[in-house]
Every structure is written in C-alpha cells, then in structure tokens.
file model.pdb (PDB, C-alpha atoms)
ATOM      1  CA  MET A   3     -32.316  54.616 -53.353
ATOM      2  CA  LYS A   4     -29.370  52.947 -54.988
ATOM      3  CA  LYS A   5     -27.282  54.770 -52.456
ATOM      4  CA  ASN A   6     -29.347  53.321 -49.589
ATOM      5  CA  ILE A   7     -29.066  49.815 -51.042
ATOM      6  CA  GLY A   8     -25.305  50.236 -51.277
ATOM      7  CA  ILE A   9     -25.124  51.340 -47.629
ATOM      8  CA  VAL A  10     -27.316  48.400 -46.549
ATOM      9  CA  VAL A  11     -25.095  45.974 -48.481
ATOM     10  CA  ILE A  12     -22.022  47.486 -46.899
ATOM     11  CA  LEU A  13     -23.630  47.307 -43.442
ATOM     12  CA  VAL A  14     -24.610  43.658 -44.012
ATOM     13  CA  LEU A  15     -21.057  42.852 -45.086
ATOM     14  CA  VAL A  16     -19.596  44.678 -42.061
ATOM     15  CA  VAL A  17     -22.028  42.974 -39.669
ATOM     16  CA  THR A  18     -21.319  39.577 -41.251
ATOM     17  CA  MET A  19     -17.575  40.120 -41.046
ATOM     18  CA  LEU A  20     -17.849  41.441 -37.506
ATOM     19  CA  SER A  21     -20.039  38.546 -36.337
ATOM     20  CA  THR A  22     -17.720  36.050 -38.026
ATOM     21  CA  TYR A  23     -14.765  37.675 -36.279
ATOM     22  CA  ILE A  24     -16.531  37.681 -32.900
ATOM     23  CA  LYS A  25     -17.624  34.043 -33.305
ATOM     24  CA  LYS A  26     -14.077  33.058 -34.212
ATOM     25  CA  GLU A  27     -12.715  34.902 -31.161
ATOM     26  CA  LEU A  28     -15.301  33.272 -28.883
ATOM     27  CA  ASP A  29     -14.557  29.825 -30.305
ATOM     28  CA  GLN A  30     -10.851  30.364 -29.691
ATOM     29  CA  SER A  31     -11.405  31.599 -26.149
ATOM     30  CA  VAL A  32     -13.291  28.448 -25.155
ATOM     31  CA  ALA A  33     -11.177  26.094 -27.247
ATOM     32  CA  ILE A  34      -8.874  23.717 -25.387
ATOM     33  CA  SER A  35      -5.461  23.404 -26.942
ATOM     34  CA  SER A  36      -4.201  19.945 -27.742
ATOM     35  CA  ASP A  37      -1.595  20.389 -24.990
ATOM     36  CA  GLU A  38      -4.368  20.927 -22.466
ATOM     37  CA  LEU A  39      -6.732  18.167 -23.593
ATOM     38  CA  GLY A  40      -7.330  15.411 -21.095
ATOM     39  CA  THR A  41      -5.688  12.079 -21.750
ATOM     40  CA  GLU A  42      -6.867   8.644 -20.808
ATOM     41  CA  LEU A  43      -4.990   7.188 -17.895
ATOM     42  CA  GLU A  44      -4.186   3.533 -17.757
ATOM     43  CA  LEU A  45      -5.982   2.337 -14.680
ATOM     44  CA  GLY A  46      -3.789   0.154 -12.557
ATOM     45  CA  GLU A  47      -4.881  -1.961  -9.678
ATOM     46  CA  GLU A  48      -6.175  -0.095  -6.688
ATOM     47  CA  ILE A  49      -4.069   0.217  -3.554
ATOM     48  CA  GLY A  50      -5.932  -0.485  -0.347
ATOM     49  CA  LEU A  51      -6.753  -2.945   2.393
ATOM     50  CA  GLU A  52      -9.544  -4.880   0.705
ATOM     51  CA  LYS A  53      -9.092  -8.373  -0.702
ATOM     52  CA  GLY A  54      -7.488  -8.172  -4.142
ATOM     53  CA  GLN A  55      -6.069  -4.673  -3.681
ATOM     54  CA  PHE A  56      -2.350  -3.993  -3.718
ATOM     55  CA  ALA A  57      -0.981  -3.749  -0.189
ATOM     56  CA  PRO A  58       0.177  -0.202   0.609
ATOM     57  CA  ASP A  59       3.928  -0.031   0.138
ATOM     58  CA  PHE A  60       6.323   1.080   2.864
ATOM     59  CA  THR A  61       9.960   1.037   3.850
ATOM     60  CA  LEU A  62      10.883   0.431   7.478
ATOM     61  CA  TYR A  63      14.231  -0.435   9.054
ATOM     62  CA  ASN A  64      15.253  -3.521  10.969
ATOM     63  CA  ILE A  65      17.232  -3.424  14.215
ATOM     64  CA  GLN A  66      20.483  -3.405  12.252
ATOM     65  CA  GLY A  67      19.303  -0.265  10.423
ATOM     66  CA  GLU A  68      18.781  -2.002   7.065
ATOM     67  CA  PRO A  69      15.758  -1.003   4.988
ATOM     68  CA  VAL A  70      12.965  -3.459   4.232
ATOM     69  CA  THR A  71      10.543  -2.410   1.483
ATOM     70  CA  LEU A  72       7.348  -4.387   1.003
ATOM     71  CA  SER A  73       7.239  -4.025  -2.798
ATOM     72  CA  ASP A  74      10.737  -5.569  -3.027
ATOM     73  CA  LEU A  75       9.140  -8.845  -1.928
ATOM     74  CA  ARG A  76       6.860  -9.175  -4.980
ATOM     75  CA  GLY A  77       7.194 -12.670  -6.351
ATOM     76  CA  LYS A  78       6.996 -14.107  -2.836
ATOM     77  CA  ARG A  79       4.046 -14.687  -0.570
ATOM     78  CA  VAL A  80       4.213 -12.344   2.421
ATOM     79  CA  VAL A  81       2.899 -12.700   5.954
ATOM     80  CA  LEU A  82       2.818  -9.129   7.268
ATOM     81  CA  ASN A  83       2.393  -9.241  11.037
ATOM     82  CA  PHE A  84       1.910  -6.223  13.337
ATOM     83  CA  TRP A  85       2.940  -7.010  16.920
ATOM     84  CA  ALA A  86       4.410  -5.704  20.205
ATOM     85  CA  THR A  87       6.429  -7.239  23.022
ATOM     86  CA  TRP A  88       3.843  -6.156  25.620
ATOM     87  CA  CYS A  89       1.040  -7.998  23.764
ATOM     88  CA  PRO A  90       0.397 -11.504  25.255
ATOM     89  CA  PRO A  91      -1.290 -12.911  22.089
ATOM     90  CA  CYS A  92       1.661 -11.595  20.034
ATOM     91  CA  GLU A  93       4.065 -13.329  22.366
ATOM     92  CA  ALA A  94       2.047 -16.561  22.110
ATOM     93  CA  GLU A  95       2.174 -16.607  18.291
ATOM     94  CA  MET A  96       5.880 -15.751  17.870
ATOM     95  CA  PRO A  97       7.179 -19.316  18.398
ATOM     96  CA  HIS A  98       4.649 -20.542  15.805
ATOM     97  CA  MET A  99       5.757 -17.896  13.304
ATOM     98  CA  GLN A 100       9.398 -18.863  13.839
ATOM     99  CA  LYS A 101       8.690 -22.597  13.447
ATOM    100  CA  TYR A 102       6.716 -21.929  10.281
ATOM    101  CA  TYR A 103       9.505 -19.727   8.905
ATOM    102  CA  GLU A 104      12.173 -22.333   9.594
ATOM    103  CA  LYS A 105      10.142 -25.212   8.195
ATOM    104  CA  TYR A 106       8.292 -23.742   5.197
ATOM    105  CA  ARG A 107       9.784 -20.438   4.023
ATOM    106  CA  GLU A 108      11.504 -22.007   1.013
ATOM    107  CA  THR A 109       8.924 -24.629   0.041
ATOM    108  CA  ASP A 110       6.047 -22.132   0.421
ATOM    109  CA  ASN A 111       8.021 -19.241  -1.186
ATOM    110  CA  VAL A 112       7.116 -17.008   1.742
ATOM    111  CA  GLU A 113       8.606 -14.146   3.711
ATOM    112  CA  ILE A 114       7.369 -13.156   7.134
ATOM    113  CA  ILE A 115       7.767  -9.496   8.024
ATOM    114  CA  GLY A 116       7.093  -8.630  11.646
ATOM    115  CA  ILE A 117       6.327  -4.958  12.180
ATOM    116  CA  ASN A 118       7.014  -4.082  15.784
ATOM    117  CA  VAL A 119       4.894  -1.093  16.755
ATOM    118  CA  THR A 120       7.865   0.497  18.510
ATOM    119  CA  TYR A 121       6.174   3.910  18.616
ATOM    120  CA  HIS A 122       3.650   2.457  21.056
ATOM    121  CA  ARG A 123       5.713   2.435  24.304
ATOM    122  CA  GLU A 124       8.382  -0.004  23.074
ATOM    123  CA  LYS A 125      12.089   0.321  23.664
ATOM    124  CA  ILE A 126      14.410  -1.054  21.000
ATOM    125  CA  GLU A 127      16.432  -2.860  23.681
ATOM    126  CA  ARG A 128      13.282  -4.701  24.802
ATOM    127  CA  VAL A 129      12.564  -5.718  21.195
ATOM    128  CA  GLU A 130      16.122  -7.064  20.813
ATOM    129  CA  GLN A 131      15.803  -8.998  24.091
ATOM    130  CA  PHE A 132      12.439 -10.423  22.991
ATOM    131  CA  LEU A 133      13.796 -11.565  19.604
ATOM    132  CA  LYS A 134      16.809 -13.243  21.227
ATOM    133  CA  SER A 135      14.669 -15.041  23.802
ATOM    134  CA  TYR A 136      12.562 -16.626  21.039
ATOM    135  CA  ASP A 137      15.433 -17.050  18.537
ATOM    136  CA  ILE A 138      13.492 -15.088  15.925
ATOM    137  CA  THR A 139      15.248 -15.169  12.551
ATOM    138  CA  PHE A 140      12.568 -13.786  10.240
ATOM    139  CA  PRO A 141      12.780 -10.060   9.438
ATOM    140  CA  ILE A 142      11.514  -7.720  12.150
ATOM    141  CA  VAL A 143      11.215  -4.034  11.316
ATOM    142  CA  LEU A 144      10.654  -1.167  13.717
ATOM    143  CA  GLU A 145       7.879   1.329  13.321
ATOM    144  CA  LEU A 146       9.304   4.300  15.190
ATOM    145  CA  GLU A 147       6.401   6.582  14.259
ATOM    146  CA  GLU A 148       2.788   5.595  13.754
ATOM    147  CA  SER A 149       2.655   5.717   9.970
ATOM    148  CA  VAL A 150       2.397   2.181   8.613
ATOM    149  CA  SER A 151       0.016   1.117  11.399
ATOM    150  CA  ARG A 152      -2.206   4.054  10.507
ATOM    151  CA  GLN A 153      -1.923   3.229   6.802
ATOM    152  CA  TYR A 154      -2.997  -0.363   7.540
ATOM    153  CA  GLU A 155      -5.655   0.791  10.025
ATOM    154  CA  ILE A 156      -4.271  -1.318  12.885
ATOM    155  CA  ILE A 157      -6.439  -1.291  15.984
ATOM    156  CA  THR A 158      -5.851  -4.766  17.425
ATOM    157  CA  LEU A 159      -2.588  -6.648  17.957
ATOM    158  CA  PRO A 160      -1.591  -8.966  16.531
ATOM    159  CA  SER A 161      -2.938  -8.184  13.074
ATOM    160  CA  THR A 162      -1.722 -10.152  10.084
ATOM    161  CA  PHE A 163      -2.107  -9.540   6.361
ATOM    162  CA  MET A 164      -1.680 -12.405   3.898
ATOM    163  CA  ILE A 165      -0.249 -10.979   0.674
ATOM    164  CA  ASP A 166       0.079 -12.952  -2.558
ATOM    165  CA  VAL A 167       3.025 -13.022  -4.987
ATOM    166  CA  GLU A 168       1.583 -10.079  -6.931
ATOM    167  CA  GLY A 169       1.547  -7.922  -3.785
ATOM    168  CA  LYS A 170      -2.228  -8.084  -3.304
ATOM    169  CA  ILE A 171      -3.892  -8.563   0.058
ATOM    170  CA  GLN A 172      -5.866 -11.805   0.181
ATOM    171  CA  LYS A 173      -6.679 -12.059   3.901
ATOM    172  CA  THR A 174      -6.587 -10.001   7.070
ATOM    173  CA  ILE A 175      -6.482 -11.879  10.356
ATOM    174  CA  ILE A 176      -6.881 -10.317  13.777
ATOM    175  CA  GLY A 177      -5.530 -12.336  16.691
ATOM    176  CA  PRO A 178      -2.771 -14.908  17.090
ATOM    177  CA  LEU A 179      -1.968 -17.648  14.568
ATOM    178  CA  ASP A 180      -0.512 -21.074  15.209
ATOM    179  CA  LEU A 181       1.726 -23.117  12.896
ATOM    180  CA  ASP A 182      -1.106 -25.017  11.185
ATOM    181  CA  THR A 183      -3.244 -21.905  10.638
ATOM    182  CA  LEU A 184      -0.262 -20.043   9.199
ATOM    183  CA  ARG A 185       0.490 -22.878   6.773
ATOM    184  CA  GLU A 186      -3.153 -23.222   5.739
ATOM    185  CA  ASN A 187      -3.481 -19.498   5.027
ATOM    186  CA  VAL A 188      -0.174 -19.151   3.175
ATOM    187  CA  THR A 189      -0.735 -22.166   0.919
ATOM    188  CA  GLN A 190      -4.048 -20.658  -0.205
ATOM    189  CA  LEU A 191      -2.196 -17.631  -1.637
ATOM    190  CA  ASN A 192      -1.128 -17.652  -5.285
TER
END

call {"tool": "encode", "arguments": {"input": "model.pdb", "output": "structure tokens"}}
result
Amino acid sequence: MKKNIGIVVILVLVVTMLSTYIKKELDQSVAISSDELGTELELGEEIGLEKGQFAPDFTLYNIQGEPVTLSDLRGKRVVLNFWATWCPPCEAEMPHMQKYYEKYRETDNVEIIGINVTYHREKIERVEQFLKSYDITFPIVLELEESVSRQYEIITLPSTFMIDVEGKIQKTIIGPLDLDTLRENVTQLN
C-alpha cells in the first residue's frame, strides 16, 4: 500500500508538472510580445471634403512647369477654383477672380489657385490664350490627368473650395462667383 501511495504521489507530481508546463506553453503561444503590442496613435485631423476637414493635398504644375503644392500655402487663406476654358460660367467669373486677386490678395492674406481641368478636352495652348486674354496673374495649374478632380469629387464647373489658414475646408461653392461674393467668403475664413 505504501508502494501504491508513492506511485500516486509521483503521478500527481508528474501530472502537476506536466499541466504546469502545458499551461506555460499555451500562455506563451497566445502571448503578444511587447514588440507586437498595439500602440495608441495620435489622431490628427481628418482629411476630406467636409467643413472643418483638411483639404486633400496635391501637387500640380503651372504652365511654366513649376510645381504648386496646396499644403505649402498653409498660413494663407486659399480659394481653390476648378475651371475650364470651354465653361461659360468659368469664363464669366475669371475677371472677378482677377480683380479680387489684384485688389485684396495682400490685405486678405489669400492665394487663388485655379485648377484647369486640362484632361477634359483642353489644349494647353488654349489655356495660355485664355489667361492672356483676361490678364490672369494668379496661379493656374494644369490637371493633365483626372486625379485631383476625382479626389475633390468635381462634377460641376466652376467649383470653388474656401480653405482657411490651417488648410481646412470651410466652404464649397458650385457655380460662378463675383468680386463681392469672393470677398465676403474669404473674409469669413480664419
């Protein structure tokens, strides 16, 4: 009987050791190493087209081939205008944009960026001719492929985004703007 008790004790010890070993192995197999643990991300502002969201960034080139990057304009108010030479309302608003730019760009701390949707049946020569005929001096960039228009979900021309000094969209306007409407909208931006 003592022999049986000794065997039982040994079996209990072996089972205990074995179960401890198995539990330890299981714990290790489901454990997540500190290198793999998730970390909290600092949530920045959301990028998008809604009021208060950061305007999607892009780089496009002007007629002279120089890059214009939207995020480089942070610290200034931005009027981002999508247009085409074949668009009558776009043509109607261009003189107003130019007058506003000449008169208020410094006092209102504003930059106008005209995005010509060149990919949509425009020829660069026609854009140059158009700009000369209206003496346009504010930056005009060419969208040679439909990327920024798609990013900004442009359906109607002209479409204008009012962007504040932090780079956040505050207004989206579809249709032409005149001098007074431009000034009113820009001065409401921070």

call {"tool": "residues_near_point", "arguments": {"input": "model.pdb", "point": "(11.8, -8.3, 20.7)", "cutoff": "10 Å", "atoms": "only C-alpha atoms", "output": "list in words"}}
result
Ile65, Trp85, Ala86, Thr87, Trp88, Glu93, Met96, Asn118, Thr120, Glu124, Lys125, Ile126, Glu127, Arg128, Val129, Glu130, Gln131, Phe132, Leu133, Lys134, Ser135, Tyr136, Asp137, Ile138 and Ile142 of chain A

call {"tool": "residues_around", "arguments": {"input": "model.pdb", "residues": "segment 165-173 of chain A", "least_positions_apart": "6", "cutoff": "8 Å", "atoms": "only C-alpha atoms", "output": "PDB file with C-alpha atoms, in the coordinates of the input"}}
result
ATOM      1  CA  LEU A  51      -6.753  -2.945   2.393  1.00  0.00           C
ATOM      2  CA  GLU A  52      -9.544  -4.880   0.705  1.00  0.00           C
ATOM      3  CA  LYS A  53      -9.092  -8.373  -0.702  1.00  0.00           C
ATOM      4  CA  GLY A  54      -7.488  -8.172  -4.142  1.00  0.00           C
ATOM      5  CA  GLN A  55      -6.069  -4.673  -3.681  1.00  0.00           C
ATOM      6  CA  PHE A  56      -2.350  -3.993  -3.718  1.00  0.00           C
ATOM      7  CA  ALA A  57      -0.981  -3.749  -0.189  1.00  0.00           C
ATOM      8  CA  SER A  73       7.239  -4.025  -2.798  1.00  0.00           C
ATOM      9  CA  LEU A  75       9.140  -8.845  -1.928  1.00  0.00           C
ATOM     10  CA  ARG A  76       6.860  -9.175  -4.980  1.00  0.00           C
ATOM     11  CA  GLY A  77       7.194 -12.670  -6.351  1.00  0.00           C
ATOM     12  CA  LYS A  78       6.996 -14.107  -2.836  1.00  0.00           C
ATOM     13  CA  ARG A  79       4.046 -14.687  -0.570  1.00  0.00           C
ATOM     14  CA  VAL A  80       4.213 -12.344   2.421  1.00  0.00           C
ATOM     15  CA  VAL A  81       2.899 -12.700   5.954  1.00  0.00           C
ATOM     16  CA  LEU A  82       2.818  -9.129   7.268  1.00  0.00           C
ATOM     17  CA  LEU A 191      -2.196 -17.631  -1.637  1.00  0.00           C
ATOM     18  CA  ASN A 192      -1.128 -17.652  -5.285  1.00  0.00           C
TER      19      ASN A 192
END

call {"tool": "atom_distance", "arguments": {"input": "model.pdb", "atom1": "atom CA of Thr61 of chain A", "atom2": "atom CA of Tyr154 of chain A"}}
result
13.5 Å

call {"tool": "atom_distance", "arguments": {"input": "model.pdb", "atom1": "atom CA of Leu62 of chain A", "atom2": "atom CA of Arg107 of chain A"}}
result
21.2 Å

call {"tool": "closest_residue", "arguments": {"input": "model.pdb", "among": "A:Val188, A:Leu181, A:Ile7, A:Ile176", "to": "Glu104 of chain A", "atoms": "all atoms listed in the file"}}
result
A:Leu181

call {"tool": "atom_distance", "arguments": {"input": "model.pdb", "atom1": "atom CA of Pro178 of chain A", "atom2": "atom CA of Gly116 of chain A"}}
result
12.9 Å

call {"tool": "resolve_selection", "arguments": {"input": "model.pdb", "expression": "the PyMOL selection byres ((chain A and resi 145) around 7)", "output": "PyMOL selection string"}}
result
chain A and resi 62+117-121+143-144+146-148

call {"tool": "resolve_selection", "arguments": {"input": "model.pdb", "expression": "the PyMOL selection byres ((chain A and resi 60) around 10)", "output": "VMD selection string"}}
result
chain A and resid 57 to 59 61 to 62 69 to 74 149 to 150 153

call {"tool": "write_last_selection", "arguments": {"input": "model.pdb", "atoms": "C-alpha atoms", "output": "mmCIF file, keeping the file's coordinate frame"}}
result
data_model
loop_
_atom_site.group_PDB
_atom_site.id
_atom_site.type_symbol
_atom_site.label_atom_id
_atom_site.label_comp_id
_atom_site.auth_asym_id
_atom_site.auth_seq_id
_atom_site.Cartn_x
_atom_site.Cartn_y
_atom_site.Cartn_z
ATOM 1 C CA ALA A 57 -0.981 -3.749 -0.189
ATOM 2 C CA PRO A 58 0.177 -0.202 0.609
ATOM 3 C CA ASP A 59 3.928 -0.031 0.138
ATOM 4 C CA THR A 61 9.960 1.037 3.850
ATOM 5 C CA LEU A 62 10.883 0.431 7.478
ATOM 6 C CA PRO A 69 15.758 -1.003 4.988
ATOM 7 C CA VAL A 70 12.965 -3.459 4.232
ATOM 8 C CA THR A 71 10.543 -2.410 1.483
ATOM 9 C CA LEU A 72 7.348 -4.387 1.003
ATOM 10 C CA SER A 73 7.239 -4.025 -2.798
ATOM 11 C CA ASP A 74 10.737 -5.569 -3.027
ATOM 12 C CA SER A 149 2.655 5.717 9.970
ATOM 13 C CA VAL A 150 2.397 2.181 8.613
ATOM 14 C CA GLN A 153 -1.923 3.229 6.802
#

call {"tool": "axis_aligned_box", "arguments": {"input": "model.pdb", "around": "segment 49-61 of chain A", "padding_each_side": "5 Å", "output": "JSON"}}
result
{"center_x": 0.2, "center_y": -3.6, "center_z": -0.1, "size_x": 29.5, "size_y": 19.5, "size_z": 18.0}

call {"tool": "closest_residue", "arguments": {"input": "model.pdb", "among": "A:Thr183, A:Asn64, A:Asn6, A:Thr158", "to": "Met99 of chain A", "atoms": "all atoms listed in the file"}}
result
A:Thr183

call {"tool": "closest_residue", "arguments": {"input": "model.pdb", "among": "A:Gln66, A:Ser161, A:Gln190, A:Thr174", "to": "Phe84 of chain A", "atoms": "all atoms listed in the file"}}
result
A:Ser161

call {"tool": "closest_residue", "arguments": {"input": "model.pdb", "among": "A:Glu155, A:Glu95, A:Glu68, A:Asp110", "to": "Leu179 of chain A", "atoms": "all atoms listed in the file"}}
result
A:Glu95
